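The next block holds one structure in the form of structure tokens; read it before the comments.
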Amino acid sequence: MQFVGGAGGSGGGAFGLFGGGGAGADGNNGGNATATNTNRITTNGIGAIGMLVESIGGGGGDGGGAAGIVSVGGIGAGGGTAGTVTANVGGEIITGFDGSGDGAHGVLAQSVGGGGGNGGFALSAGPIAAVAIGGGGGTGGNGGVVNVNQAGAGATVSTHGSSAIGILAQSIGGGGGNGGGSFAAGGIASVSIGGGGSAAGDGDEVNYNVGNSHVTTNGTDSIGILVQSVGGGGGNGGFALGGAGVVAVGVGGEGAAGGIGKKVDMTTGGTVETSQARSAGIVAQSLGGGGGNGGFVVAGSLGVSVGVGGKGSGGGDGGQVFFRTAGGGQSIITHGADSAGLIVQSVGGGGGNGGFVGTFGAIANLGIGGGAGAAGRGLAVDAIYNGSVVTFEQRSAGIIVQSIGGGGGNGGGVIGVGLGLTVGIGGNGAGGGDAGSAEYRSTTTTITTHQVDSVGLVVQSIGGGGGNGGFSFNLSAGAAVGIGGKGGAAGEASTVKVAVDSGSIHTVEDRSTGIIAQSVGGGGGTGGGSVAGSFALNVSIAGSGAGGGGGKTVDVTNGARITTEGVQSHGIQAQSIGGGGGSGGFSIAIGGPSLAVGGAGDAGGLSQKVTVHNNGELSTADDLSVGLLAQSIGGGGGDGGFAGAGGLFTAVGVGGHGGGGGNGGEVEVINTARITTIGDLSHGILAQSVGGGGGNGGSAGAVSVGAFVGVGVAVGGDGGVGRDAMAVNVTHAGDIAVSGAESKAILAQAIGGGGGNGGKAFSGAFSAGLYASAAVAVSVGGGGGNGGSGGAVTLKADGNLLSLTDETGSGGIVAQSIGGGGGNGGRTTSIAGAVSNGVAVNLGVGVGGGGGGGGEGKTVRVEIGLVGGGRIETQGFQAVGIMAQSIGGGGGNAGDTFGGAGGYGNNVTVSATVNIGGGGGNGDFAGDVHVTNAMSVKTTGDSSSAIVAQSIGGGGGNGGTSTGGRPMSAAAAASTSRQISPWAAAAARAATATLSTSSIRAR
């Protein structure tokens, strides 16, 4: 059953002195379509679909092209809207039974909006002036509602070819039309403007309710059941090309917005089995359309050229997705690679990229890259599954539930080449889309995966990454100015919840964790780099990075038995992770007097509380496989951008500063079940809060060469501050047995982020003059960032905690709060040299960057055996029974300095070096440590204490050394050299700590 709207006609072309292309005609709408099957359908042949129910809007007509001295392309027309589609599915449907059924779906229920028409092109040429304007695209039509219902007692569907899906239900918005391109060539002046793209159509709601179906597919790329709402892609802006004798102006067309995906509501039951690769069992998705890209521009003239790239547009949001199993439950089996059992997703569309610009002008150039479009959001995803999933090949997870924000578009880059003034400004990147909440609930889940990279259950909310700023590259015989675009901010993640009451999860091979629950902020966009080079003045300023997105709360409640057998296969992995901050762009300026400034890095995103309540038995059988892993990790700060300047007479380079880290959130673990691990570095419970580390400051270099005078100045960027960890609380009752090297029964720690290192600095200055000459080189190292504080740690445990191995470092309990170390200061080098037949003056100055201060360690409290008793036993070397410690972060070391100054003056030579080593950073306090023990503790290996409780203040950083070069000797020359000794290293701050213990017994 099909209802297809007719396509609109295209507009006519126009040619003449003034040309205007005709507009296209709109596509017709598709009508409603309904079909029901309760009987038997069998097909053979390629593309022979068993049950087809479809409504398609007609495509819009294209605009007509135009040519003339003034030309305007015709406008594309809109696509038609599709109608409602209803498919009532029952009976038996078989396609490709004789093996010829490629592309022969069992059931296809589709509502598809018509695509918008493209705008017409425009061509213009004239002896004096030429103007060309591309036509705008037409809007895409909306898809209609799609309903798939059960007819009768249920359905049996079987397909036997490649790309033959069992049941496919889709609502798809039409794509927006692209803007028309333009080209103009004029004897004196030209103007070319690309046509704007047009907006895409939206997908509509898709409702699937088939509680009893038996679906099998036998070919590659043949999903069992696929249910989707998909927004159309936005139209791209048209390009603009122009050339003229005196003035050329080009403006790229703007891209248009992507369509949104709408709600997907799916209820299913029965069985699904797929046999070949890339054939997931069930997929329920709502996908936003991507935003259109801005049009690119190329403009050139013998006079002045101006180019402005088209702006990218925003991606569409994905819609909400609801998935549930019917009362009879669901069974899913996949046999091929890259074939997950169940996928439930809402994904925002990516933002469009800004248009690139290239310009050439003999007198002057101005190029501005197009700004990018922001990404669409992923919305809430909610899945309720009761039943079984089995996958047999690699990269085939059991169940995936995700909300994902789209990635922001990148800013348009710029290249400018000329003989006079050249200015280029890169376009800014745009923000990533936020993700929605992701939730999975099950009364009983049974999942088995058999090959590598096949996690049992994945539940994630992931913010989209920010777009990168556009680069700027500019060369000229005159002066050059380059400015890189800024990065786009990252999208935020949302909350993640997992609740599994009972059942089992079993993974067999490597990198196949039982349950992964994550809230992950997107990474910030990187700033655009910049290059400026000319024989005159050069200024280069790189774009700054953007902030990382935050991770949100993660809650996991598990009652299923979880068994993993491979390497890097944890039982439960629950994490909130802040996105990393974007790094600043690099900057280079070279030629005449030059200034280069590196872009600043931005801050990492925060993470939030992670809570795990587990009462299901956990078992892992190989290395790097923790039983229960709970972490909240702040994002690291972005690094500052490098700056390098080389110029005549004067060169200045300034490195970008690093961004600060994001705070780690709280972590709470309550475990009442047995945990067993066998491999190395496979702890029973690992609970961590980790503050994000600060980004490193950008290094800087500056070298100047001049007649009579040369000045070089380099300043390294400061490192970003590390951020704090928050409280970690672990409550355990039950037995834990570990059997590998460096594997602890329980490891609970809160660690502050380390400060970023300061950027290094190098400067050189060289000069030659007939009567007098002077060279001055100055270098200043960036300061290290301060470390963040550790959080308070509380650990309560009852039961038997056993290390069943002689391997080194396999212990009972470790609880620690550790302050982050301060970043090191940047080193400096400065070299100056001048020669003259008269007077030569040489000065080198270096100041090392100071080290950052350490972070504070907080209170650690351990209470063992107070409720249910138990014992701790270890056997290996350095296998401590209980270790509780609070450690203050050490101060960063200061930057060393080296300076050399020397030259030759036939009459007088004055040479001086001033070198100041940076000061070391202070160490910080440690917190109180309390251990209360009522267990027996037995250790049998060497260097294995029963109980260690310690509070250790952080050491101070070392001061920077200072070294000065000797001046060159010369007849009848006066010289001076001076060095300033480095500051003494900052002493560690004395820690204040108390230790209280009671009821301690050790054997």
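In the structure tokens, chains take the letters A, B, ... in the order shown, each chain's residues start at 1, and ligands count up from 1 in the order shown.
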Using 8 Å as the limit and counting only C-alpha atoms, can you tabulate each residue of stretch 592-611 of chain A that touches stretch 531-539 of chain A, with its shortest atom-to-atom distance in Å and the two atoms involved, as JSON lines?
```
{"residue": "A:Gly592", "atom": "CA", "partner": "A:Ala536", "partner_atom": "CA", "distance": 4.5}
{"residue": "A:Pro593", "atom": "CA", "partner": "A:Leu537", "partner_atom": "CA", "distance": 5.1}
{"residue": "A:Ser594", "atom": "CA", "partner": "A:Asn538", "partner_atom": "CA", "distance": 4.6}
{"residue": "A:Leu595", "atom": "CA", "partner": "A:Val539", "partner_atom": "CA", "distance": 4.9}
{"residue": "A:Ala596", "atom": "CA", "partner": "A:Val539", "partner_atom": "CA", "distance": 6.1}
```
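For the pair atom CA of A:Leu648 and atom CA of A:Arg827, the interatomic distance is 25.1 Å.
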Each residue of stretch 774-868 of chain A with at least one atom at most 12 Å from stretch 657-663 of chain A should appear once, together with its nearest atom pair and the corresponding distance in Å (one decimal); atoms considered: only C-alpha atoms; ordering: chain, then increasing residue number; output as CSV.
```
residue,atom,partner,partner_atom,distance
A:Gly781,CA,A:His657,CA,11.4
A:Gly782,CA,A:His657,CA,8.1
A:Gly783,CA,A:His657,CA,9.4
A:Gly784,CA,A:Gly658,CA,9.6
A:Gly785,CA,A:Gly660,CA,8.3
A:Asn786,CA,A:Gly660,CA,9.5
A:Gly787,CA,A:Gly661,CA,9.7
A:Gly788,CA,A:Asn663,CA,8.5
A:Ser789,CA,A:Asn663,CA,9.7
A:Gly790,CA,A:Asn663,CA,10.3
A:Gly791,CA,A:Asn663,CA,10.5
A:Gly820,CA,A:Gly661,CA,11.4
A:Gly823,CA,A:Gly658,CA,11.1
A:Gly826,CA,A:His657,CA,11.8
```
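The smallest atom-to-atom distance between A:Asn837 and any of A:Val908, A:Val308, A:Ile223, A:Leu419, using only C-alpha atoms, is found for A:Val908.
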Compile the contact shell of A:Ala714 as a VMD selection string: residues with an atom at most 12 Å away, counting only C-alpha atoms, same-chain residues fewer than 4 positions apart removed. chain A and resid 594 to 598 642 to 646 650 to 656 698 to 704 759 to 765 776 to 782 826 to 831 844 to 848
Can you list, as a short mmCIF file (atom, residue, chain, number, x, y, z; two decimals) with C-alpha atoms, in the first residue's frame, every protein, DNA or RNA residue that comes within 7 Å of stretch 288-298 of chain A when you count only C-alpha atoms, leaving out same-chain residues fewer than 5 positions away?
```
data_model
loop_
_atom_site.label_atom_id
_atom_site.label_comp_id
_atom_site.auth_asym_id
_atom_site.auth_seq_id
_atom_site.Cartn_x
_atom_site.Cartn_y
_atom_site.Cartn_z
CA GLY A 194 25.62 32.11 -2.24
CA VAL A 230 14.52 10.77 11.90
CA GLY A 231 14.75 14.50 11.25
CA GLY A 232 15.91 15.54 7.81
CA GLY A 233 19.27 17.14 7.17
CA GLY A 234 19.34 20.92 6.78
CA GLY A 235 20.29 22.35 3.41
CA ASN A 236 23.82 23.59 2.80
CA GLY A 237 24.52 27.18 1.89
CA GLY A 238 25.67 27.92 -1.62
CA PHE A 239 29.25 28.76 -2.48
CA ALA A 240 30.41 32.14 -3.73
CA LEU A 241 33.24 32.70 -6.21
CA GLY A 242 34.27 36.15 -7.38
CA GLY A 250 32.00 37.15 -1.73
CA VAL A 251 29.50 35.96 0.87
CA GLY A 252 28.72 32.30 1.36
CA GLY A 253 25.15 31.17 1.84
CA GLU A 254 23.95 30.12 5.28
CA GLY A 255 23.15 26.54 6.05
CA ALA A 256 19.73 25.71 7.47
CA ALA A 257 18.51 23.84 10.52
CA GLY A 258 18.18 20.09 10.68
CA GLY A 259 14.79 18.59 11.47
CA ILE A 260 13.93 17.05 14.82
CA GLY A 261 13.24 13.43 15.55
CA GLY A 307 35.21 37.15 1.83
CA VAL A 308 32.69 36.10 4.46
CA GLY A 309 32.00 32.40 4.87
CA GLY A 310 28.47 31.18 5.27
CA LYS A 311 27.22 30.30 8.73
CA GLY A 312 26.49 26.71 9.59
CA SER A 313 23.15 25.96 11.17
CA GLY A 314 21.93 23.99 14.15
CA GLY A 315 21.25 20.28 14.28
CA GLY A 316 17.83 19.00 15.26
CA ASP A 317 17.01 17.38 18.57
CA GLY A 318 16.45 13.68 18.89
CA VAL A 347 20.77 11.22 19.33
CA GLY A 348 20.93 14.94 18.54
CA GLY A 349 21.99 16.06 15.11
CA GLY A 350 25.41 17.57 14.55
CA GLY A 351 25.77 21.27 13.93
CA GLY A 352 26.78 22.49 10.50
CA ASN A 353 30.29 23.71 9.81
CA GLY A 354 31.04 27.29 8.94
CA GLY A 355 32.16 28.07 5.43
CA PHE A 356 35.82 28.30 4.46
CA VAL A 357 37.19 31.55 3.00
CA GLY A 358 40.10 32.15 0.64
CA THR A 359 41.07 35.66 -0.47
CA GLY A 370 31.77 31.28 8.80
CA GLY A 373 25.91 25.81 14.01
CA GLY A 376 20.89 19.23 18.70
#
```
Output as a ChimeraX atom specification all residues of stretch 777-864 of chain A that backbone DSSP marks as strand (DSSP E). /A:777-780,793-803,813-818,828-836,839-847,860-864
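Nearest-residue note for A:Asp924: choosing from A:Gly717, A:Gly60, A:Gly465, A:Gly888, the minimum distance belongs to A:Gly888, counting only C-alpha atoms.
Close contacts of A:Glu863, defined as residues with an atom at most 6 Å away when counting only C-alpha atoms, with chain neighbours fewer than 2 positions off set aside, comprise A:Lys796, A:Thr932, A:Asn933.
Of the listed residues A:Gly80, A:Asn149, A:Gly197, A:Arg395, the one whose atoms come nearest to A:Gly134 is A:Gly197, with distances taken using only C-alpha atoms.
Distances here use only C-alpha atoms; by that measure, the residue among A:Gly76, A:Gly327, A:Gly719, A:Gly491 closest to A:Gly407 is A:Gly491.
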